$ cat target_26.cif   # mmCIF, C-alpha atoms and all ligand atoms
data_coords
loop_
_atom_site.label_atom_id
_atom_site.label_comp_id
_atom_site.auth_asym_id
_atom_site.auth_seq_id
_atom_site.Cartn_x
_atom_site.Cartn_y
_atom_site.Cartn_z
CA MET A 170 12.75 -25.69 -25.27
CA GLN A 171 12.01 -26.34 -28.90
CA THR A 172 8.95 -28.44 -28.13
CA ASP A 173 7.70 -25.75 -25.76
CA LEU A 174 7.85 -23.23 -28.55
CA GLN A 175 5.75 -25.21 -30.98
CA ALA A 176 2.34 -23.67 -31.50
CA GLU A 177 -0.29 -25.25 -29.27
CA PRO A 178 -3.56 -25.99 -31.02
CA HIS A 179 -6.65 -24.44 -29.47
CA PRO A 180 -8.91 -27.46 -29.61
CA THR A 181 -12.01 -25.94 -28.10
CA GLU A 182 -11.84 -22.32 -29.18
CA ASN A 183 -13.82 -22.75 -32.38
CA GLN A 184 -16.71 -24.31 -30.52
CA VAL A 185 -16.93 -22.11 -27.45
CA ILE A 186 -19.08 -19.30 -28.90
CA PRO A 187 -22.52 -20.88 -29.36
CA ASN A 188 -24.77 -20.41 -32.33
CA PRO A 189 -26.93 -17.24 -31.93
CA TRP A 190 -30.13 -19.23 -32.68
CA VAL A 191 -29.35 -21.53 -29.79
CA GLN A 192 -29.01 -18.44 -27.60
CA THR A 193 -32.33 -17.01 -28.81
CA LEU A 194 -34.23 -20.21 -28.09
CA LYS A 195 -32.53 -20.49 -24.74
CA ASN A 196 -33.56 -16.96 -23.87
CA ILE A 197 -37.25 -17.71 -24.59
CA PHE A 198 -37.31 -20.66 -22.23
CA LEU A 199 -34.63 -19.55 -19.79
CA PRO A 200 -34.83 -15.75 -19.64
CA GLU A 201 -31.63 -13.88 -18.80
CA PHE A 202 -31.44 -10.79 -16.64
CA CYS A 203 -28.90 -7.96 -16.37
CA LEU A 204 -26.47 -8.80 -13.59
CA GLN A 205 -26.24 -5.13 -12.68
CA CYS A 206 -29.86 -3.84 -12.64
CA GLY A 207 -31.92 -7.02 -13.02
CA VAL A 208 -33.79 -5.96 -16.18
CA ARG A 209 -34.76 -8.74 -18.65
CA LEU A 210 -32.25 -9.01 -21.48
CA LEU A 211 -33.87 -8.85 -24.90
CA THR A 212 -30.81 -9.01 -27.15
CA GLU A 213 -28.35 -11.83 -27.43
CA GLU A 214 -25.35 -9.63 -27.96
CA ASN A 215 -24.12 -9.52 -24.42
CA GLY A 216 -26.18 -12.02 -22.47
CA PHE A 217 -25.14 -10.69 -19.08
CA PHE A 218 -25.68 -6.92 -18.99
CA CYS A 219 -28.35 -4.65 -20.48
CA PRO A 220 -27.19 -2.04 -23.03
CA THR A 221 -27.64 0.81 -20.52
CA CYS A 222 -25.51 -0.72 -17.77
CA TRP A 223 -22.94 -1.82 -20.34
CA GLU A 224 -22.70 1.61 -21.89
CA PHE A 225 -22.37 3.35 -18.54
CA SER A 226 -19.61 1.09 -17.26
CA PRO A 227 -16.82 3.63 -16.66
CA PRO A 228 -14.97 4.30 -19.93
CA ILE A 229 -11.51 5.75 -20.32
CA GLU A 230 -11.89 9.02 -22.18
CA ARG A 231 -9.58 11.83 -23.13
CA PRO A 232 -7.35 13.05 -21.68
CA PHE A 233 -5.38 9.91 -20.84
CA CYS A 234 -1.68 9.12 -20.55
CA ILE A 235 0.11 8.53 -23.88
CA GLN A 236 2.21 5.77 -22.31
CA CYS A 237 0.29 3.82 -19.65
CA GLY A 238 -3.20 4.71 -20.92
CA GLN A 239 -4.51 5.76 -17.48
CA PRO A 240 -7.02 8.60 -17.45
CA HIS A 241 -5.82 11.90 -15.98
CA GLN A 242 -7.70 12.45 -12.75
CA GLY A 243 -9.55 15.71 -12.48
CA GLU A 244 -9.04 16.69 -16.11
CA VAL A 245 -12.02 14.83 -17.54
CA GLY A 246 -15.03 16.99 -18.29
CA PHE A 247 -13.12 20.26 -18.38
CA GLY A 248 -12.75 20.34 -22.13
CA GLU A 249 -9.16 19.08 -22.12
CA THR A 250 -8.94 16.64 -25.05
CA ARG A 251 -5.19 16.51 -25.68
CA ASN A 252 -3.53 13.43 -24.28
CA PHE A 253 -0.21 13.75 -22.45
CA PRO A 254 2.09 11.59 -20.30
CA CYS A 255 1.33 11.16 -16.59
CA ALA A 256 3.91 12.05 -13.94
CA PRO A 257 5.11 8.46 -13.21
CA CYS A 258 5.56 7.74 -16.95
CA ARG A 259 7.57 10.94 -17.36
CA LYS A 260 9.78 9.94 -14.45
CA ASN A 261 10.30 6.18 -14.96
CA LYS A 262 12.63 4.47 -17.41
CA PRO A 263 10.68 3.83 -20.68
CA PRO A 264 9.42 0.21 -20.93
CA ALA A 265 9.94 -2.08 -23.95
CA TYR A 266 6.47 -1.18 -25.22
CA THR A 267 5.49 2.26 -26.45
CA ARG A 268 1.86 2.66 -25.43
CA ILE A 269 -0.96 0.93 -23.58
CA TYR A 270 -4.49 1.60 -24.80
CA SER A 271 -7.71 0.63 -23.06
CA PRO A 272 -11.34 1.64 -23.57
CA ALA A 273 -12.52 1.00 -20.00
CA ARG A 274 -11.68 1.16 -16.35
CA PHE A 275 -11.67 -2.17 -14.54
CA ASP A 276 -14.88 -1.33 -12.76
CA GLY A 277 -18.65 -1.97 -12.86
CA PRO A 278 -20.10 -4.29 -15.53
CA VAL A 279 -16.86 -4.43 -17.55
CA ALA A 280 -14.90 -5.73 -14.54
CA GLU A 281 -17.65 -8.24 -13.78
CA ALA A 282 -17.73 -9.29 -17.45
CA ILE A 283 -13.98 -9.92 -17.44
CA ARG A 284 -14.23 -12.01 -14.28
CA LEU A 285 -17.05 -14.11 -15.79
CA PHE A 286 -15.24 -14.34 -19.13
CA LYS A 287 -11.97 -15.48 -17.68
CA PHE A 288 -12.68 -17.38 -14.48
CA ASN A 289 -16.23 -18.64 -14.99
CA GLY A 290 -15.81 -19.92 -18.54
CA LYS A 291 -18.11 -17.44 -20.34
CA PRO A 292 -16.24 -16.99 -23.62
CA ARG A 293 -19.15 -15.32 -25.42
CA LEU A 294 -18.30 -12.17 -23.45
CA ALA A 295 -15.35 -11.82 -25.85
CA ARG A 296 -17.76 -10.21 -28.30
CA PRO A 297 -19.06 -7.21 -26.28
CA LEU A 298 -15.61 -6.67 -24.73
CA GLY A 299 -14.03 -6.84 -28.21
CA GLU A 300 -16.61 -4.38 -29.54
CA ARG A 301 -15.62 -1.81 -26.92
CA MET A 302 -11.95 -2.33 -27.77
CA ALA A 303 -12.58 -2.00 -31.53
CA ALA A 304 -14.69 1.17 -31.11
CA PHE A 305 -11.93 2.72 -28.99
CA ALA A 306 -9.29 1.67 -31.54
CA HIS A 307 -11.20 3.36 -34.37
CA GLN A 308 -11.37 6.54 -32.36
CA GLU A 309 -7.95 6.70 -30.72
CA MET A 310 -5.47 4.53 -32.63
CA GLU A 311 -3.85 4.58 -36.06
CA CYS A 312 -5.24 1.16 -36.87
CA GLU A 313 -3.64 0.86 -40.33
CA THR A 314 -0.09 1.09 -38.92
CA TYR A 315 -0.18 -2.34 -37.24
CA ASP A 316 1.25 -5.41 -39.01
CA ALA A 317 0.35 -8.04 -36.42
CA ILE A 318 -2.12 -8.59 -33.58
CA ILE A 319 -0.60 -10.84 -30.92
CA PRO A 320 -2.49 -12.26 -27.92
CA VAL A 321 -0.59 -12.52 -24.64
CA PRO A 322 -0.16 -16.30 -24.49
CA LEU A 323 -1.16 -18.63 -21.67
CA HIS A 324 1.15 -21.43 -20.65
CA LYS A 325 -0.07 -24.67 -22.22
CA ILE A 326 -0.96 -26.14 -18.81
CA ARG A 327 -3.23 -23.20 -17.99
CA LEU A 328 -4.65 -23.25 -21.54
CA ARG A 329 -5.58 -26.90 -21.13
CA HIS A 330 -7.18 -26.17 -17.77
CA ARG A 331 -9.22 -23.14 -18.93
CA GLY A 332 -9.99 -24.47 -22.41
CA PHE A 333 -9.41 -21.11 -24.09
CA ASN A 334 -7.05 -18.17 -23.99
CA GLN A 335 -9.11 -15.07 -23.24
CA ALA A 336 -6.55 -12.82 -24.99
CA HIS A 337 -6.77 -14.97 -28.13
CA LEU A 338 -10.59 -14.67 -28.23
CA LEU A 339 -10.34 -10.87 -27.82
CA ALA A 340 -7.65 -10.67 -30.53
CA ARG A 341 -9.91 -12.58 -32.91
CA GLU A 342 -12.78 -10.17 -32.19
CA ILE A 343 -10.81 -6.99 -32.80
CA LEU A 344 -8.77 -8.15 -35.81
CA PRO A 345 -11.20 -6.66 -38.41
CA ALA A 346 -10.52 -3.17 -36.95
CA PHE A 347 -6.90 -3.41 -38.09
CA PRO A 348 -6.92 -3.56 -41.91
CA ASN A 349 -3.24 -4.42 -42.42
CA ALA A 350 -2.72 -6.77 -39.50
CA ILE A 351 -2.67 -10.54 -39.27
CA LEU A 352 -3.36 -12.57 -36.13
CA ASP A 353 -0.02 -13.96 -35.03
CA GLU A 354 0.37 -16.56 -32.32
CA SER A 355 4.08 -17.19 -32.43
CA LEU A 356 4.71 -15.56 -29.05
CA GLN A 357 4.77 -18.37 -26.49
CA ARG A 358 4.79 -18.57 -22.70
CA ILE A 359 7.68 -20.96 -22.22
CA ARG A 360 7.33 -21.51 -18.50
CA PRO A 361 4.40 -21.31 -16.09
CA THR A 362 4.14 -18.18 -13.98
CA ARG A 363 2.16 -17.26 -10.88
CA VAL A 364 -0.82 -14.89 -11.04
CA GLN A 365 0.74 -11.41 -11.04
CA SER A 366 -1.93 -9.70 -8.92
CA ARG A 367 -1.29 -12.15 -6.06
CA LEU A 368 2.38 -11.20 -5.76
CA ALA A 369 3.42 -8.72 -3.13
CA ASP A 370 5.46 -6.09 -4.93
CA GLU A 371 6.91 -4.85 -8.20
CA LYS A 372 10.16 -6.77 -7.69
CA ALA A 373 8.37 -10.10 -7.17
CA ARG A 374 6.12 -9.48 -10.18
CA ALA A 375 9.05 -8.64 -12.45
CA ALA A 376 10.96 -11.76 -11.30
CA ASN A 377 7.86 -13.90 -11.87
CA VAL A 378 7.70 -13.13 -15.61
CA VAL A 379 11.32 -12.53 -16.54
CA GLY A 380 12.26 -14.84 -19.42
CA ALA A 381 8.74 -16.34 -19.45
CA PHE A 382 8.02 -15.43 -23.08
CA ALA A 383 9.78 -16.24 -26.33
CA VAL A 384 9.32 -16.16 -30.07
CA PRO A 385 10.57 -19.20 -32.08
CA ARG A 386 13.96 -18.54 -33.65
CA GLU A 387 12.64 -18.77 -37.21
CA GLN A 388 10.00 -16.09 -36.59
CA SER A 389 11.06 -12.52 -37.31
CA PHE A 390 9.13 -9.33 -36.62
CA ASP A 391 11.78 -7.27 -38.37
CA THR A 392 10.63 -3.62 -38.72
CA LYS A 393 7.08 -4.64 -37.79
CA THR A 394 4.66 -2.65 -35.66
CA VAL A 395 2.79 -5.06 -33.43
CA LEU A 396 -0.17 -4.83 -31.09
CA LEU A 397 -0.31 -7.08 -28.04
CA ILE A 398 -3.75 -8.00 -26.75
CA ASP A 399 -4.64 -8.83 -23.16
CA ASP A 400 -7.79 -8.74 -21.05
CA VAL A 401 -6.43 -6.60 -18.19
CA VAL A 402 -3.08 -4.90 -17.70
CA THR A 403 -2.63 -4.54 -13.96
CA THR A 404 0.93 -3.48 -13.36
CA GLY A 405 2.52 -3.83 -16.78
CA GLU A 406 5.30 -6.35 -16.01
CA THR A 407 3.73 -9.12 -18.12
CA VAL A 408 3.20 -6.98 -21.21
CA ALA A 409 6.65 -5.41 -20.76
CA GLU A 410 8.21 -8.88 -20.76
CA CYS A 411 6.20 -9.87 -23.87
CA ALA A 412 7.30 -6.65 -25.55
CA THR A 413 10.94 -7.44 -24.70
CA ALA A 414 10.64 -10.85 -26.42
CA LEU A 415 8.99 -9.27 -29.48
CA ARG A 416 11.58 -6.50 -29.69
CA ARG A 417 14.29 -9.16 -29.47
CA ALA A 418 12.63 -10.81 -32.49
CA GLY A 419 12.97 -7.53 -34.39
CA ALA A 420 9.70 -5.69 -33.72
CA GLN A 421 10.16 -1.98 -34.22
CA ARG A 422 7.29 -0.93 -32.01
CA VAL A 423 5.03 -2.80 -29.60
CA ASP A 424 1.78 -1.31 -28.32
CA ILE A 425 -0.81 -2.92 -26.08
CA LEU A 426 -4.59 -2.88 -26.28
CA CYS A 427 -6.45 -4.39 -23.31
CA ALA A 428 -10.14 -4.64 -22.40
CA ALA A 429 -9.77 -2.77 -19.09
CA LEU A 430 -7.25 -1.01 -16.87
CA PRO A 431 -7.54 -1.08 -13.07
CA SER A 432 -7.23 2.40 -11.63
CA LEU A 433 -3.82 3.15 -10.18
CA TYR A 434 -5.50 5.45 -7.69
CA SER A 435 -7.78 2.97 -5.91
CA THR A 436 -7.75 -0.81 -5.69
CA LYS A 437 -4.17 -1.92 -6.17
ZN ZN A 501 -28.71 -3.30 -16.52
ZN ZN A 502 1.27 7.10 -17.65
#

$ encode --input "target_26.cif" --output "structure tokens"
Amino acid sequence: MQTDLQAEPHPTENQVIPNPWVQTLKNIFLPEFCLQCGVRLLTEENGFFCPTCWEFSPPIERPFCIQCGQPHQGEVGFGETRNFPCAPCRKNKPPAYTRIYSPARFDGPVAEAIRLFKFNGKPRLARPLGERMAAFAHQEMECETYDAIIPVPLHKIRLRHRGFNQAHLLAREILPAFPNAILDESLQRIRPTRVQSRLADEKARAANVVGAFAVPREQSFDTKTVLLIDDVVTTGETVAECATALRRAGAQRVDILCAALPSLYSTK
């Protein structure tokens, strides 16, 4: 147990985002095209999608739920800008976290970017995804209230296999948006878990992650407000379990910021 909790080094993470000059030269000889509309990409910022397609990837805008972060269907575009809780959040028992925030729906170029980022080893997509998260944070969150930014950890076996933790790369990108926060990696995944989206129901997903996360005994988050970072929050069991471990270590409040939220009304 103790050895499991020791911080794993991230041997390749410092090298995975290539030098921008290398990208520029590469683009001259090996032009890149927007994966959505096919237009030639002229900037190196994204490398996969043109600014227009990227900007029009469905955002989450006010009004959205002040607990799960999901947009309120039918309210957008009618001048309603106050956020309020959705019906399921009002009804269900409150989770260990307080709020989930996300700038985008898991749809269009953002969804494709996350798939490439995570499963096809394209870590430079951390930058444009992180930029969307930071812009949203400036607009919708009280950034100065957070003491620590904590990536949802991967188990060390999966980390070794993938070479990087996508949540850690996103956390590193958005850290400058939170003036009083430090990047903290003491939260550990102490046993491997199965991929949540492949499990049949809520019960199986909750059982899959229960007790999967822990903070080393010497680490205290006493009275701290912390922000957990993940790429996608699908059903919330994973972040709820992380929040439980952080609350057990003393955290006063745990919020979540993720790159995208799948709609609860369509593809679940
Ligand atoms: Zn495009
Ligand atoms: Zn809600």

$ closest_residue --input "target_26.cif" --among "A:Cys312, A:Cys203, A:Leu430, A:Ala336" --to "ligand ZN 502 (chain A)" --atoms "only C-alpha atoms and all ligand atoms"
A:Leu430

$ closest_residue --input "target_26.cif" --among "A:Glu249, A:Glu300, A:Glu281, A:Asp424" --to "Arg268 of chain A" --atoms "only C-alpha atoms"
A:Asp424

$ atom_distance --input "target_26.cif" --atom1 "atom CA of Gly216 of chain A" --atom2 "atom CA of Ala280 of chain A"
15.2 Å

$ atom_distance --input "target_26.cif" --atom1 "atom CA of Ala273 of chain A" --atom2 "atom CA of Gln205 of chain A"
16.7 Å

$ closest_residue --input "target_26.cif" --among "A:His241, A:Ile235, A:Gly277, A:Met310" --to "ligand ZN 501 (chain A)" --atoms "only C-alpha atoms and all ligand atoms"
A:Gly277

$ closest_residue --input "target_26.cif" --among "A:Pro200, A:Pro278, A:Gly299, A:Gly243" --to "ligand ZN 501 (chain A)" --atoms "all atoms listed in the file"
A:Pro278

$ atom_distance --input "target_26.cif" --atom1 "atom CA of Pro254 of chain A" --atom2 "atom CA of Arg417 of chain A"
25.8 Å

$ closest_residue --input "target_26.cif" --among "A:Val191, A:Val279, A:Ala429, A:Phe233" --to "ligand ZN 501 (chain A)" --atoms "all atoms listed in the file"
A:Val279

$ residues_around --input "target_26.cif" --residues "Ala428 of chain A" --least-positions-apart "3" --cutoff "8 Å" --atoms "all atoms listed in the file" --output "mmCIF file with C-alpha atoms, in the coordinates of the input"
data_model
loop_
_atom_site.group_PDB
_atom_site.id
_atom_site.type_symbol
_atom_site.label_atom_id
_atom_site.label_comp_id
_atom_site.auth_asym_id
_atom_site.auth_seq_id
_atom_site.Cartn_x
_atom_site.Cartn_y
_atom_site.Cartn_z
ATOM 1 C CA SER A 271 -7.710 0.630 -23.060
ATOM 2 C CA PRO A 272 -11.340 1.640 -23.570
ATOM 3 C CA ALA A 273 -12.520 1.000 -20.000
ATOM 4 C CA LEU A 298 -15.610 -6.670 -24.730
ATOM 5 C CA GLY A 299 -14.030 -6.840 -28.210
ATOM 6 C CA ARG A 301 -15.620 -1.810 -26.920
ATOM 7 C CA MET A 302 -11.950 -2.330 -27.770
ATOM 8 C CA ASP A 399 -4.640 -8.830 -23.160
ATOM 9 C CA ASP A 400 -7.790 -8.740 -21.050
ATOM 10 C CA VAL A 401 -6.430 -6.600 -18.190
#

$ residues_near_ligand --input "target_26.cif" --ligand "ligand ZN 502 (chain A)" --cutoff "8 Å" --atoms "only C-alpha atoms and all ligand atoms" --output "PDB file with C-alpha atoms, keeping the file's coordinate frame"
ATOM      1  CA  PHE A 233      -5.380   9.910 -20.840  1.00  0.00           C
ATOM      2  CA  CYS A 234      -1.680   9.120 -20.550  1.00  0.00           C
ATOM      3  CA  ILE A 235       0.110   8.530 -23.880  1.00  0.00           C
ATOM      4  CA  GLN A 236       2.210   5.770 -22.310  1.00  0.00           C
ATOM      5  CA  CYS A 237       0.290   3.820 -19.650  1.00  0.00           C
ATOM      6  CA  GLY A 238      -3.200   4.710 -20.920  1.00  0.00           C
ATOM      7  CA  GLN A 239      -4.510   5.760 -17.480  1.00  0.00           C
ATOM      8  CA  PRO A 254       2.090  11.590 -20.300  1.00  0.00           C
ATOM      9  CA  CYS A 255       1.330  11.160 -16.590  1.00  0.00           C
ATOM     10  CA  ALA A 256       3.910  12.050 -13.940  1.00  0.00           C
ATOM     11  CA  PRO A 257       5.110   8.460 -13.210  1.00  0.00           C
ATOM     12  CA  CYS A 258       5.560   7.740 -16.950  1.00  0.00           C
ATOM     13  CA  ARG A 259       7.570  10.940 -17.360  1.00  0.00           C
TER      14      ARG A 259
END

$ closest_residue --input "target_26.cif" --among "A:Phe382, A:Phe253, A:Phe218, A:Phe225" --to "ligand ZN 501 (chain A)" --atoms "all atoms listed in the file"
A:Phe218

$ residues_around --input "target_26.cif" --residues "Pro348 of chain A" --least-positions-apart "6" --cutoff "10 Å" --atoms "only C-alpha atoms" --output "list in words"
Cys312, Glu313, Thr314, Tyr315 and Asp316 of chain A

$ closest_atom_pairs --input "target_26.cif" --of "chain A" --to "ligand ZN 501 (chain A)" --cutoff "7 Å" --atoms "all atoms listed in the file" --output "tab-separated table"
residue	atom	partner	partner_atom	distance
A:Cys203	CA	A:ZN501	ZN	4.7
A:Leu204	CA	A:ZN501	ZN	6.6
A:Gln205	CA	A:ZN501	ZN	4.9
A:Cys206	CA	A:ZN501	ZN	4.1
A:Gly207	CA	A:ZN501	ZN	6.0
A:Val208	CA	A:ZN501	ZN	5.7
A:Phe218	CA	A:ZN501	ZN	5.3
A:Cys219	CA	A:ZN501	ZN	4.2
A:Pro220	CA	A:ZN501	ZN	6.8
A:Thr221	CA	A:ZN501	ZN	5.8
A:Cys222	CA	A:ZN501	ZN	4.3

$ closest_atom_pairs --input "target_26.cif" --of "segment 232-325 of chain A" --to "segment 360-364 of chain A" --cutoff "10 Å" --atoms "all atoms listed in the file" --output "CSV"
residue,atom,partner,partner_atom,distance
A:Leu323,CA,A:Pro361,CA,8.3
A:His324,CA,A:Pro361,CA,5.6
A:Lys325,CA,A:Pro361,CA,8.3

$ write_last_selection --input "target_26.cif" --atoms "C-alpha atoms" --output "mmCIF file, in the frame of the given file"
data_model
loop_
_atom_site.group_PDB
_atom_site.id
_atom_site.type_symbol
_atom_site.label_atom_id
_atom_site.label_comp_id
_atom_site.auth_asym_id
_atom_site.auth_seq_id
_atom_site.Cartn_x
_atom_site.Cartn_y
_atom_site.Cartn_z
ATOM 1 C CA LEU A 323 -1.160 -18.630 -21.670
ATOM 2 C CA HIS A 324 1.150 -21.430 -20.650
ATOM 3 C CA LYS A 325 -0.070 -24.670 -22.220
#

$ decode --input "target_26.cif" --residues "segment 356-406 of chain A" --atoms "C-alpha atoms" --output "compact mmCIF listing (two decimals), in the first residue's frame"
# COMPACT_ATOMS: atom_id res chain seq x y z
CA LEU A 356 -3.94 11.86 -5.05
CA GLN A 357 -3.13 8.34 -6.26
CA ARG A 358 -5.08 5.58 -7.98
CA ILE A 359 -4.17 2.69 -5.72
CA ARG A 360 -5.71 -0.10 -7.74
CA PRO A 361 -6.46 -0.55 -11.44
CA THR A 362 -10.06 -0.02 -12.52
CA ARG A 363 -12.00 -0.86 -15.66
CA VAL A 364 -13.04 1.83 -18.15
CA GLN A 365 -16.21 3.35 -16.63
CA SER A 366 -18.06 3.93 -19.91
CA ARG A 367 -17.87 0.20 -20.74
CA LEU A 368 -19.71 -0.84 -17.57
CA ALA A 369 -23.40 -1.56 -17.76
CA ASP A 370 -25.00 0.52 -15.02
CA GLU A 371 -24.53 2.99 -12.20
CA LYS A 372 -24.11 0.23 -9.61
CA ALA A 373 -21.30 -1.48 -11.56
CA ARG A 374 -19.56 1.86 -12.17
CA ALA A 375 -19.71 2.83 -8.50
CA ALA A 376 -18.34 -0.60 -7.45
CA ASN A 377 -15.55 -0.31 -10.02
CA VAL A 378 -14.06 2.82 -8.43
CA VAL A 379 -14.93 2.45 -4.76
CA GLY A 380 -11.73 2.70 -2.70
CA ALA A 381 -9.64 3.15 -5.87
CA PHE A 382 -8.17 6.51 -4.82
CA ALA A 383 -6.17 7.62 -1.80
CA VAL A 384 -4.05 10.44 -0.50
CA PRO A 385 -0.83 9.51 1.41
CA ARG A 386 -1.34 9.72 5.16
CA GLU A 387 1.15 12.56 5.61
CA GLN A 388 -0.66 14.76 3.08
CA SER A 389 -3.36 17.02 4.48
CA PHE A 390 -5.80 19.21 2.57
CA ASP A 391 -7.13 20.67 5.80
CA THR A 392 -9.54 23.58 5.07
CA LYS A 393 -8.36 23.67 1.45
CA THR A 394 -10.51 24.31 -1.60
CA VAL A 395 -9.36 22.01 -4.36
CA LEU A 396 -10.10 21.65 -8.06
CA LEU A 397 -9.96 18.22 -9.65
CA ILE A 398 -9.09 18.08 -13.34
CA ASP A 399 -10.19 15.42 -15.80
CA ASP A 400 -10.64 15.20 -19.55
CA VAL A 401 -14.26 13.99 -19.57
CA VAL A 402 -16.73 13.40 -16.75
CA THR A 403 -19.20 10.84 -18.04
CA THR A 404 -21.26 9.71 -15.11
CA GLY A 405 -19.49 11.26 -12.15
CA GLU A 406 -18.62 8.13 -10.13
